[in-house]
file run-v2.tsv (TSV, C-alpha atoms)
chain	number	residue	atom	x	y	z
A	1	GLN	CA	-18.69	-15.69	9.77
A	2	ALA	CA	-21.32	-13.94	11.90
A	3	GLU	CA	-25.08	-13.50	12.38
A	4	ALA	CA	-25.17	-9.75	12.96
A	5	LEU	CA	-23.11	-6.59	13.00
A	6	ALA	CA	-23.64	-3.46	15.12
A	7	VAL	CA	-22.56	0.04	14.05
A	8	ARG	CA	-22.57	3.17	16.24
A	9	ASP	CA	-21.43	6.63	15.08
A	10	GLY	CA	-19.79	5.25	11.94
A	11	ARG	CA	-17.80	2.58	13.80
A	12	ILE	CA	-18.24	-1.18	13.92
A	13	VAL	CA	-19.00	-1.96	17.58
A	14	VAL	CA	-19.32	-5.74	17.51
A	15	VAL	CA	-19.57	-8.61	15.03
A	16	GLY	CA	-20.98	-11.92	16.21
A	17	ALA	CA	-24.14	-13.78	17.22
A	18	TRP	CA	-27.46	-12.01	17.87
A	19	ASP	CA	-27.15	-12.48	21.64
A	20	GLU	CA	-23.80	-10.69	21.51
A	21	VAL	CA	-25.13	-7.74	19.51
A	22	GLU	CA	-28.47	-7.09	21.28
A	23	PRO	CA	-27.04	-5.97	24.68
A	24	TYR	CA	-25.51	-2.86	23.11
A	25	GLY	CA	-28.94	-1.22	23.31
A	26	GLU	CA	-30.08	2.04	21.74
A	27	GLY	CA	-28.15	4.20	19.32
A	28	ILE	CA	-26.80	1.35	17.26
A	29	THR	CA	-27.67	0.12	13.79
A	30	VAL	CA	-27.84	-3.67	13.52
A	31	LEU	CA	-27.38	-5.46	10.20
A	32	ASP	CA	-28.33	-9.08	9.59
A	33	LEU	CA	-25.24	-10.83	8.12
A	34	ALA	CA	-26.96	-14.18	7.63
A	35	GLY	CA	-23.77	-16.08	8.40
A	36	LYS	CA	-21.66	-14.30	5.76
A	37	THR	CA	-17.93	-13.76	6.10
A	38	VAL	CA	-16.89	-10.17	6.87
A	39	SER	CA	-13.68	-8.90	5.25
A	40	LEU	CA	-12.00	-5.51	5.72
A	41	ALA	CA	-13.38	-4.13	2.48
A	42	THR	CA	-16.85	-5.52	3.22
A	43	GLY	CA	-16.78	-4.00	6.72
A	44	VAL	CA	-15.99	-0.57	5.32
A	45	GLY	CA	-18.90	-0.86	2.93
A	46	ILE	CA	-21.22	-1.97	5.74
A	47	VAL	CA	-20.29	1.06	7.81
A	48	ALA	CA	-21.05	3.25	4.81
A	49	ALA	CA	-24.41	1.54	4.43
A	50	ALA	CA	-25.20	1.90	8.13
A	51	ILE	CA	-24.41	5.60	8.55
A	52	THR	CA	-26.13	6.68	5.35
A	53	PRO	CA	-29.88	5.95	5.12
A	54	ALA	CA	-29.83	5.93	1.32
A	55	PHE	CA	-27.52	2.93	1.35
A	56	ARG	CA	-29.17	0.82	4.06
A	57	GLY	CA	-31.37	-1.01	1.57
A	58	ILE	CA	-28.33	-2.33	-0.30
A	59	ALA	CA	-26.27	-3.58	2.63
A	60	HIS	CA	-26.34	-7.19	1.46
A	61	GLU	CA	-25.21	-6.23	-2.04
A	62	VAL	CA	-22.36	-4.28	-0.48
A	63	MET	CA	-21.29	-7.37	1.43
A	64	ALA	CA	-21.34	-9.44	-1.77
A	65	ASN	CA	-19.13	-7.04	-3.70
A	66	ALA	CA	-16.00	-5.74	-1.93
A	67	VAL	CA	-15.05	-3.49	-4.82
A	68	PHE	CA	-18.39	-1.71	-4.67
A	69	ALA	CA	-18.03	-1.46	-0.90
A	70	MET	CA	-14.73	0.38	-1.20
A	71	PHE	CA	-16.22	2.66	-3.85
A	72	VAL	CA	-19.16	3.56	-1.59
A	73	ALA	CA	-16.88	4.16	1.37
A	74	THR	CA	-14.60	6.41	-0.69
A	75	ALA	CA	-17.58	8.38	-1.95
A	76	LEU	CA	-18.85	8.98	1.58
A	77	ILE	CA	-15.46	9.91	3.00
A	78	TYR	CA	-14.09	12.08	0.21
A	79	GLY	CA	-17.22	13.22	-1.59
A	80	GLN	CA	-18.32	13.10	-5.22
A	81	HIS	CA	-15.61	15.51	-6.41
A	82	ARG	CA	-12.96	13.14	-5.05
A	83	ILE	CA	-14.49	10.21	-6.95
A	84	PHE	CA	-14.50	12.27	-10.15
A	85	THR	CA	-10.82	13.13	-9.62
A	86	LEU	CA	-9.96	9.48	-9.07
A	87	LEU	CA	-11.79	8.44	-12.22
A	88	VAL	CA	-10.00	11.10	-14.26
A	89	SER	CA	-6.64	10.02	-12.83
A	90	LEU	CA	-7.45	6.39	-13.62
A	91	PHE	CA	-8.33	7.30	-17.20
A	92	VAL	CA	-5.12	9.32	-17.64
A	93	LEU	CA	-2.96	6.55	-16.19
A	94	TYR	CA	-4.67	3.98	-18.39
A	95	ARG	CA	-3.91	6.06	-21.47
A	96	MET	CA	-0.29	6.40	-20.37
A	97	VAL	CA	0.01	2.62	-20.00
A	98	VAL	CA	-1.42	2.09	-23.49
A	99	LEU	CA	0.97	4.69	-24.91
A	100	GLY	CA	3.96	3.14	-23.13
A	101	LEU	CA	3.13	-0.35	-24.36
A	102	THR	CA	2.61	0.95	-27.89
A	103	LEU	CA	6.02	2.63	-27.90
A	104	PHE	CA	7.59	-0.47	-26.39
A	105	VAL	CA	6.19	-2.76	-29.09
A	106	HIS	CA	7.29	-0.29	-31.76
A	107	GLY	CA	10.79	-0.31	-30.25
A	108	LEU	CA	10.85	-4.11	-30.41
A	109	ARG	CA	9.91	-4.10	-34.06
A	110	THR	CA	12.35	-1.41	-35.11
A	111	GLY	CA	15.23	-2.15	-32.71
A	112	LEU	CA	15.61	-5.49	-30.94
A	113	PHE	CA	14.03	-7.76	-33.55
A	114	PRO	CA	16.29	-6.54	-36.41
A	115	ILE	CA	19.35	-6.89	-34.14
A	116	GLY	CA	18.57	-10.50	-33.26
A	117	GLU	CA	17.67	-11.48	-36.81
A	118	GLY	CA	20.70	-9.70	-38.29
A	119	MET	CA	23.19	-11.29	-35.91
A	120	ALA	CA	21.70	-14.74	-36.42
A	121	TYR	CA	21.93	-14.29	-40.20
A	122	ASP	CA	25.55	-13.09	-40.03
A	123	PHE	CA	26.68	-15.99	-37.85
A	124	ALA	CA	24.85	-18.52	-40.04
A	125	ARG	CA	26.38	-17.03	-43.20
A	126	LYS	CA	29.91	-17.33	-41.79
A	127	GLY	CA	29.27	-21.03	-41.18
A	128	SER	CA	30.94	-21.17	-37.76
A	129	LEU	CA	28.89	-23.49	-35.57
A	130	LEU	CA	31.08	-22.92	-32.51
A	131	TRP	CA	30.75	-19.14	-32.56
A	132	LEU	CA	27.03	-19.39	-33.28
A	133	LEU	CA	26.53	-21.60	-30.20
A	134	ILE	CA	28.71	-19.31	-28.07
A	135	PHE	CA	26.66	-16.32	-29.22
A	136	ALA	CA	23.40	-18.17	-28.43
A	137	PHE	CA	24.60	-19.00	-24.90
A	138	MET	CA	25.83	-15.46	-24.22
A	139	LEU	CA	22.59	-13.97	-25.55
A	140	GLY	CA	20.49	-16.13	-23.25
A	141	PHE	CA	22.78	-15.57	-20.28
A	142	GLY	CA	23.16	-11.80	-20.76
A	143	THR	CA	19.49	-11.00	-21.31
A	144	THR	CA	18.39	-13.14	-18.37
A	145	VAL	CA	20.91	-11.92	-15.79
A	146	ALA	CA	19.78	-8.35	-16.55
A	147	GLU	CA	16.06	-9.20	-16.38
A	148	PRO	CA	14.34	-6.90	-13.84
A	149	ALA	CA	11.75	-9.53	-12.95
A	150	LEU	CA	14.46	-12.08	-12.13
A	151	ILE	CA	16.33	-9.59	-9.95
A	152	ALA	CA	13.16	-8.93	-7.95
A	153	VAL	CA	12.29	-12.62	-7.55
A	154	ALA	CA	15.85	-13.54	-6.55
A	155	ASP	CA	15.94	-10.82	-3.90
A	156	GLU	CA	12.57	-11.86	-2.50
A	157	ALA	CA	13.63	-15.52	-2.48
A	158	ALA	CA	16.76	-14.62	-0.53
A	159	THR	CA	14.65	-12.74	2.04
A	160	VAL	CA	12.34	-15.71	2.49
A	161	ALA	CA	15.34	-18.04	2.77
A	162	VAL	CA	16.69	-15.92	5.62
A	163	GLU	CA	13.34	-15.92	7.41
A	164	GLY	CA	13.02	-19.68	6.93
A	165	GLY	CA	16.45	-20.36	8.37
A	166	MET	CA	17.85	-21.80	5.12
A	167	ILE	CA	20.73	-19.30	5.11
A	168	GLU	CA	22.39	-17.05	7.68
A	169	ASN	CA	20.74	-13.78	8.60
A	170	SER	CA	23.38	-11.48	7.16
A	171	ASP	CA	23.66	-9.10	4.22
A	172	GLU	CA	26.46	-11.16	2.75
A	173	SER	CA	24.44	-14.40	2.82
A	174	HIS	CA	21.40	-12.61	1.42
A	175	ALA	CA	23.37	-11.11	-1.49
A	176	SER	CA	25.21	-14.38	-2.16
A	177	TYR	CA	21.98	-16.40	-2.29
A	178	ALA	CA	20.26	-13.90	-4.59
A	179	LEU	CA	23.27	-13.70	-6.91
A	180	GLY	CA	23.63	-17.47	-7.00
A	181	LEU	CA	19.97	-17.85	-7.92
A	182	ARG	CA	20.26	-15.23	-10.68
A	183	LEU	CA	23.37	-16.83	-12.15
A	184	THR	CA	21.79	-20.29	-12.00
A	185	VAL	CA	18.74	-19.10	-13.92
A	186	ALA	CA	20.87	-17.16	-16.41
A	187	ILE	CA	23.13	-20.16	-17.08
A	188	SER	CA	20.08	-22.39	-17.54
A	189	VAL	CA	18.56	-20.01	-20.08
A	190	GLY	CA	21.87	-19.72	-21.90
A	191	PHE	CA	22.05	-23.51	-22.06
A	192	ALA	CA	18.45	-23.68	-23.30
A	193	ILE	CA	19.11	-21.19	-26.10
A	194	LEU	CA	22.29	-23.06	-27.06
A	195	VAL	CA	20.38	-26.35	-27.31
A	196	GLY	CA	17.51	-24.62	-29.11
A	197	VAL	CA	19.84	-23.14	-31.73
A	198	PHE	CA	21.47	-26.53	-32.23
A	199	ARG	CA	17.98	-27.97	-32.69
A	200	ILE	CA	17.20	-25.44	-35.42
A	201	ILE	CA	20.43	-26.29	-37.22
A	202	LYS	CA	19.77	-30.03	-37.02
A	203	GLY	CA	16.03	-29.75	-37.70
A	204	TRP	CA	14.91	-31.67	-34.62
A	205	PRO	CA	11.19	-31.43	-33.68
A	206	VAL	CA	10.78	-29.09	-30.71
A	207	GLN	CA	8.11	-31.21	-29.02
A	208	TYR	CA	10.61	-33.94	-28.18
A	209	LEU	CA	12.80	-31.50	-26.28
A	210	ILE	CA	9.81	-30.03	-24.44
A	211	ILE	CA	8.45	-33.44	-23.42
A	212	GLY	CA	11.88	-34.59	-22.27
A	213	GLY	CA	12.40	-31.35	-20.36
A	214	TYR	CA	9.15	-31.62	-18.44
A	215	LEU	CA	9.91	-35.22	-17.59
A	216	GLY	CA	13.14	-33.88	-16.10
A	217	VAL	CA	11.15	-31.31	-14.11
A	218	VAL	CA	8.91	-34.04	-12.68
A	219	ILE	CA	11.89	-36.17	-11.70
A	220	MET	CA	13.74	-33.26	-10.11
A	221	THR	CA	10.62	-32.24	-8.19
A	222	ALA	CA	10.58	-35.63	-6.48
A	223	PHE	CA	14.10	-35.12	-5.08
A	224	ALA	CA	14.40	-31.33	-4.61
A	225	PRO	CA	13.85	-29.68	-1.19
A	226	GLU	CA	10.31	-28.42	-0.69
A	227	GLU	CA	11.55	-24.88	0.01
A	228	ILE	CA	13.07	-24.52	-3.48
A	229	ILE	CA	10.33	-26.07	-5.64
A	230	GLY	CA	8.06	-23.03	-5.74
A	231	ILE	CA	10.99	-20.70	-6.44
A	232	ALA	CA	12.15	-23.00	-9.24
A	233	TYR	CA	8.73	-22.98	-10.90
A	234	ASP	CA	8.47	-19.20	-10.67
A	235	SER	CA	12.00	-18.81	-12.05
A	236	GLY	CA	10.80	-20.37	-15.27
A	237	GLY	CA	8.18	-17.66	-15.64
A	238	VAL	CA	10.35	-14.62	-14.96
A	239	THR	CA	12.74	-15.54	-17.77
A	240	THR	CA	10.05	-14.88	-20.37
A	241	SER	CA	9.89	-11.15	-19.78
A	242	THR	CA	10.75	-7.77	-21.29
A	243	ILE	CA	14.34	-8.24	-22.43
A	244	THR	CA	14.68	-11.96	-23.10
A	245	VAL	CA	11.65	-12.69	-25.26
A	246	PRO	CA	12.18	-10.27	-28.17
A	247	LEU	CA	15.88	-11.03	-28.63
A	248	VAL	CA	15.52	-14.81	-28.30
A	249	THR	CA	12.50	-14.89	-30.62
A	250	ALA	CA	14.32	-12.78	-33.19
A	251	LEU	CA	17.35	-15.08	-32.94
A	252	GLY	CA	15.28	-18.19	-33.62
A	253	VAL	CA	13.30	-16.69	-36.50
A	254	GLY	CA	16.36	-15.09	-38.07
A	255	LEU	CA	18.38	-18.29	-37.84
A	256	ALA	CA	15.59	-20.44	-39.29
A	257	SER	CA	15.12	-17.93	-42.12
A	258	SER	CA	18.82	-17.96	-43.04
A	259	ILE	CA	19.29	-21.75	-43.13
A	260	SER	CA	18.21	-23.57	-46.26
A	261	GLY	CA	15.46	-26.10	-45.68
A	262	ARG	CA	14.22	-24.56	-42.42
A	263	ASN	CA	10.73	-23.10	-42.00
A	264	PRO	CA	10.64	-20.04	-39.69
A	265	MET	CA	7.11	-20.92	-38.58
A	266	ILE	CA	8.02	-24.51	-37.65
A	267	ASP	CA	11.67	-24.25	-36.68
A	268	GLY	CA	12.03	-20.60	-35.65
A	269	PHE	CA	9.76	-20.70	-32.61
A	270	GLY	CA	9.97	-22.77	-29.45
A	271	LEU	CA	13.09	-21.26	-27.91
A	272	ILE	CA	11.06	-19.36	-25.32
A	273	ALA	CA	9.23	-22.50	-24.17
A	274	PHE	CA	12.52	-24.32	-23.73
A	275	ALA	CA	14.09	-21.31	-22.02
A	276	SER	CA	11.27	-21.22	-19.45
A	277	LEU	CA	11.64	-24.94	-18.76
A	278	THR	CA	15.34	-25.36	-18.01
A	279	PRO	CA	15.43	-22.87	-15.08
A	280	MET	CA	13.08	-25.15	-13.15
A	281	ILE	CA	15.55	-28.04	-13.42
A	282	PHE	CA	18.63	-25.93	-12.72
A	283	VAL	CA	17.16	-24.08	-9.73
A	284	MET	CA	15.97	-27.30	-8.12
A	285	GLY	CA	19.49	-28.65	-8.63
A	286	TYR	CA	20.82	-25.45	-7.06
A	287	GLY	CA	18.60	-26.02	-4.04
A	288	MET	CA	19.81	-29.60	-3.69
A	289	LEU	CA	23.43	-28.45	-3.61
A	290	LEU	CA	22.91	-25.82	-0.89
call {"tool": "encode", "arguments": {"input": "run-v2.tsv", "output": "structure tokens"}}
result
Amino acid sequence: QAEALAVRDGRIVVVGAWDEVEPYGEGITVLDLAGKTVSLATGVGIVAAAITPAFRGIAHEVMANAVFAMFVATALIYGQHRIFTLLVSLFVLYRMVVLGLTLFVHGLRTGLFPIGEGMAYDFARKGSLLWLLIFAFMLGFGTTVAEPALIAVADEAATVAVEGGMIENSDESHASYALGLRLTVAISVGFAILVGVFRIIKGWPVQYLIIGGYLGVVIMTAFAPEEIIGIAYDSGGVTTSTITVPLVTALGVGLASSISGRNPMIDGFGLIAFASLTPMIFVMGYGMLL
């Protein structure tokens, strides 16, 4: 936080109290900061306001809005044609994202959802509980271990563990920690899907499992090392991503639809919530064992 800021030839000379700014004499532009905090983006906008007379009257607004400050600075540095190019690029990229998501959702509807529902129906029709539970575990394990978000989080967690001195600073230790974390999360999701499928077959209310699971999370949090708690909580979120959600949802809905007396709306959903809960418990247990 500062009282004033001095700019000379497009550069910030000093930021501080008035008695620190005044000695810099002539050739500088002084802006009253009124005790505001100066960030990098705000500073760029202030420089833009100082070196361009048309923008001097809005210096305080520039300080209040960092996004606008960066926009003003970009306009001054690159010119209006550059801003137009950036806006066009932004529009094109936005349309590409919308198109990609549209195709992805269409692929879920026409590809992954029918696969999950069809396999659930076939296993239920054969009447083999053991094979149905094995399939549920392998589906949860396989989709999670291949989840791109989990791979990224596990690798980053291993890097932080090395920096924090939790594991040795070697490639082997880094890879072993990341792989162990991935397998722990994948096993936990497989276990969650197995229990969730068994719940659908038995008709148990899902809220009892969720409440019991979160009580387990609270208890494990009290005993787990502090370094692993944040990773454990984030591991629950990365499981509900691109690959896992459509297949697991289709499995639950397909299974509930194929069993007499089960309502797909009541019994078919809830697997994802349980699958995002168990990794917290398992990862905290993993941290306690290390």
call {"tool": "residues_around", "arguments": {"input": "run-v2.tsv", "residues": "Ala256 of chain A", "least_positions_apart": "3", "cutoff": "10 Å", "atoms": "all atoms listed in the file", "output": "number ranges by chain"}}
result
A: 117, 120-121, 124, 197, 200-201, 203, 250-253, 259-269
call {"tool": "closest_residue", "arguments": {"input": "run-v2.tsv", "among": "A:Gly230, A:Gly107, A:Gly254, A:Gly270", "to": "Gln207 of chain A", "atoms": "all atoms listed in the file"}}
result
A:Gly270
call {"tool": "atom_distance", "arguments": {"input": "run-v2.tsv", "atom1": "atom CA of Leu139 of chain A", "atom2": "atom CA of Val185 of chain A"}}
result
13.3 Å
call {"tool": "closest_residue", "arguments": {"input": "run-v2.tsv", "among": "A:Val195, A:Met288, A:Val283, A:Leu255", "to": "Ala178 of chain A", "atoms": "only C-alpha atoms"}}
result
A:Val283
call {"tool": "closest_residue", "arguments": {"input": "run-v2.tsv", "among": "A:Ile187, A:Leu194, A:Met220, A:Val245", "to": "Leu129 of chain A", "atoms": "all atoms listed in the file"}}
result
A:Leu194
call {"tool": "atom_distance", "arguments": {"input": "run-v2.tsv", "atom1": "atom CA of Thr240 of chain A", "atom2": "atom CA of Val162 of chain A"}}
result
26.8 Å
call {"tool": "atom_distance", "arguments": {"input": "run-v2.tsv", "atom1": "atom CA of Gly237 of chain A", "atom2": "atom CA of Arg109 of chain A"}}
result
22.9 Å
call {"tool": "build_atoms", "arguments": {"input": "run-v2.tsv", "residues": "segment 202-226 of chain A", "atoms": "N, CA, C and O atoms", "output": "PDB file, keeping the file's coordinate frame"}}
result
ATOM      1  N   LYS A 202      19.940 -28.618 -36.702  1.00  0.00           N
ATOM      2  CA  LYS A 202      19.770 -30.030 -37.020  1.00  0.00           C
ATOM      3  C   LYS A 202      18.359 -30.366 -37.512  1.00  0.00           C
ATOM      4  O   LYS A 202      18.144 -31.442 -38.083  1.00  0.00           O
ATOM      5  N   GLY A 203      17.398 -29.493 -37.258  1.00  0.00           N
ATOM      6  CA  GLY A 203      16.030 -29.750 -37.700  1.00  0.00           C
ATOM      7  C   GLY A 203      15.255 -30.695 -36.813  1.00  0.00           C
ATOM      8  O   GLY A 203      14.297 -31.335 -37.266  1.00  0.00           O
ATOM      9  N   TRP A 204      15.631 -30.788 -35.529  1.00  0.00           N
ATOM     10  CA  TRP A 204      14.910 -31.670 -34.620  1.00  0.00           C
ATOM     11  C   TRP A 204      13.540 -31.083 -34.273  1.00  0.00           C
ATOM     12  O   TRP A 204      13.399 -29.864 -34.107  1.00  0.00           O
ATOM     13  N   PRO A 205      12.513 -31.928 -34.107  1.00  0.00           N
ATOM     14  CA  PRO A 205      11.190 -31.430 -33.680  1.00  0.00           C
ATOM     15  C   PRO A 205      11.266 -30.892 -32.247  1.00  0.00           C
ATOM     16  O   PRO A 205      11.853 -31.520 -31.361  1.00  0.00           O
ATOM     17  N   VAL A 206      10.693 -29.732 -32.013  1.00  0.00           N
ATOM     18  CA  VAL A 206      10.780 -29.090 -30.710  1.00  0.00           C
ATOM     19  C   VAL A 206      10.008 -29.837 -29.639  1.00  0.00           C
ATOM     20  O   VAL A 206      10.359 -29.804 -28.458  1.00  0.00           O
ATOM     21  N   GLN A 207       8.944 -30.558 -30.035  1.00  0.00           N
ATOM     22  CA  GLN A 207       8.110 -31.210 -29.020  1.00  0.00           C
ATOM     23  C   GLN A 207       8.863 -32.288 -28.261  1.00  0.00           C
ATOM     24  O   GLN A 207       8.578 -32.546 -27.080  1.00  0.00           O
ATOM     25  N   TYR A 208       9.854 -32.911 -28.892  1.00  0.00           N
ATOM     26  CA  TYR A 208      10.610 -33.940 -28.180  1.00  0.00           C
ATOM     27  C   TYR A 208      11.448 -33.338 -27.056  1.00  0.00           C
ATOM     28  O   TYR A 208      11.564 -33.905 -25.963  1.00  0.00           O
ATOM     29  N   LEU A 209      12.026 -32.184 -27.312  1.00  0.00           N
ATOM     30  CA  LEU A 209      12.800 -31.500 -26.280  1.00  0.00           C
ATOM     31  C   LEU A 209      11.902 -31.032 -25.128  1.00  0.00           C
ATOM     32  O   LEU A 209      12.278 -31.121 -23.951  1.00  0.00           O
ATOM     33  N   ILE A 210      10.725 -30.515 -25.478  1.00  0.00           N
ATOM     34  CA  ILE A 210       9.810 -30.030 -24.440  1.00  0.00           C
ATOM     35  C   ILE A 210       9.324 -31.173 -23.561  1.00  0.00           C
ATOM     36  O   ILE A 210       9.304 -31.073 -22.320  1.00  0.00           O
ATOM     37  N   ILE A 211       8.929 -32.283 -24.185  1.00  0.00           N
ATOM     38  CA  ILE A 211       8.450 -33.440 -23.420  1.00  0.00           C
ATOM     39  C   ILE A 211       9.553 -33.978 -22.512  1.00  0.00           C
ATOM     40  O   ILE A 211       9.345 -34.254 -21.321  1.00  0.00           O
ATOM     41  N   GLY A 212      10.756 -34.111 -23.077  1.00  0.00           N
ATOM     42  CA  GLY A 212      11.880 -34.590 -22.270  1.00  0.00           C
ATOM     43  C   GLY A 212      12.209 -33.640 -21.134  1.00  0.00           C
ATOM     44  O   GLY A 212      12.537 -34.072 -20.026  1.00  0.00           O
ATOM     45  N   GLY A 213      12.108 -32.333 -21.402  1.00  0.00           N
ATOM     46  CA  GLY A 213      12.400 -31.350 -20.360  1.00  0.00           C
ATOM     47  C   GLY A 213      11.413 -31.420 -19.218  1.00  0.00           C
ATOM     48  O   GLY A 213      11.813 -31.367 -18.040  1.00  0.00           O
ATOM     49  N   TYR A 214      10.137 -31.555 -19.513  1.00  0.00           N
ATOM     50  CA  TYR A 214       9.150 -31.620 -18.440  1.00  0.00           C
ATOM     51  C   TYR A 214       9.225 -32.940 -17.676  1.00  0.00           C
ATOM     52  O   TYR A 214       8.888 -32.982 -16.486  1.00  0.00           O
ATOM     53  N   LEU A 215       9.650 -33.995 -18.336  1.00  0.00           N
ATOM     54  CA  LEU A 215       9.910 -35.220 -17.590  1.00  0.00           C
ATOM     55  C   LEU A 215      11.044 -35.001 -16.589  1.00  0.00           C
ATOM     56  O   LEU A 215      10.998 -35.491 -15.452  1.00  0.00           O
ATOM     57  N   GLY A 216      12.054 -34.243 -17.021  1.00  0.00           N
ATOM     58  CA  GLY A 216      13.140 -33.880 -16.100  1.00  0.00           C
ATOM     59  C   GLY A 216      12.653 -33.050 -14.938  1.00  0.00           C
ATOM     60  O   GLY A 216      13.113 -33.221 -13.797  1.00  0.00           O
ATOM     61  N   VAL A 217      11.713 -32.134 -15.187  1.00  0.00           N
ATOM     62  CA  VAL A 217      11.150 -31.310 -14.110  1.00  0.00           C
ATOM     63  C   VAL A 217      10.424 -32.187 -13.092  1.00  0.00           C
ATOM     64  O   VAL A 217      10.572 -32.012 -11.872  1.00  0.00           O
ATOM     65  N   VAL A 218       9.638 -33.150 -13.582  1.00  0.00           N
ATOM     66  CA  VAL A 218       8.910 -34.040 -12.680  1.00  0.00           C
ATOM     67  C   VAL A 218       9.863 -34.858 -11.825  1.00  0.00           C
ATOM     68  O   VAL A 218       9.677 -35.013 -10.604  1.00  0.00           O
ATOM     69  N   ILE A 219      10.916 -35.365 -12.440  1.00  0.00           N
ATOM     70  CA  ILE A 219      11.890 -36.170 -11.700  1.00  0.00           C
ATOM     71  C   ILE A 219      12.614 -35.334 -10.659  1.00  0.00           C
ATOM     72  O   ILE A 219      12.781 -35.746  -9.502  1.00  0.00           O
ATOM     73  N   MET A 220      13.045 -34.132 -11.049  1.00  0.00           N
ATOM     74  CA  MET A 220      13.740 -33.260 -10.110  1.00  0.00           C
ATOM     75  C   MET A 220      12.840 -32.831  -8.958  1.00  0.00           C
ATOM     76  O   MET A 220      13.295 -32.674  -7.818  1.00  0.00           O
ATOM     77  N   THR A 221      11.560 -32.644  -9.229  1.00  0.00           N
ATOM     78  CA  THR A 221      10.620 -32.240  -8.190  1.00  0.00           C
ATOM     79  C   THR A 221      10.539 -33.290  -7.082  1.00  0.00           C
ATOM     80  O   THR A 221      10.362 -32.957  -5.901  1.00  0.00           O
ATOM     81  N   ALA A 222      10.673 -34.555  -7.463  1.00  0.00           N
ATOM     82  CA  ALA A 222      10.580 -35.630  -6.480  1.00  0.00           C
ATOM     83  C   ALA A 222      11.770 -35.632  -5.514  1.00  0.00           C
ATOM     84  O   ALA A 222      11.658 -36.149  -4.389  1.00  0.00           O
ATOM     85  N   PHE A 223      12.892 -35.065  -5.909  1.00  0.00           N
ATOM     86  CA  PHE A 223      14.100 -35.120  -5.080  1.00  0.00           C
ATOM     87  C   PHE A 223      14.506 -33.761  -4.495  1.00  0.00           C
ATOM     88  O   PHE A 223      15.301 -33.716  -3.562  1.00  0.00           O
ATOM     89  N   ALA A 224      13.989 -32.671  -5.047  1.00  0.00           N
ATOM     90  CA  ALA A 224      14.400 -31.330  -4.610  1.00  0.00           C
ATOM     91  C   ALA A 224      13.778 -30.991  -3.255  1.00  0.00           C
ATOM     92  O   ALA A 224      12.698 -31.485  -2.910  1.00  0.00           O
ATOM     93  N   PRO A 225      14.441 -30.141  -2.453  1.00  0.00           N
ATOM     94  CA  PRO A 225      13.850 -29.680  -1.190  1.00  0.00           C
ATOM     95  C   PRO A 225      12.550 -28.923  -1.426  1.00  0.00           C
ATOM     96  O   PRO A 225      12.419 -28.209  -2.426  1.00  0.00           O
ATOM     97  N   GLU A 226      11.606 -29.074  -0.523  1.00  0.00           N
ATOM     98  CA  GLU A 226      10.310 -28.420  -0.690  1.00  0.00           C
ATOM     99  C   GLU A 226      10.433 -26.907  -0.766  1.00  0.00           C
ATOM    100  O   GLU A 226       9.662 -26.239  -1.449  1.00  0.00           O
TER     101      GLU A 226
END
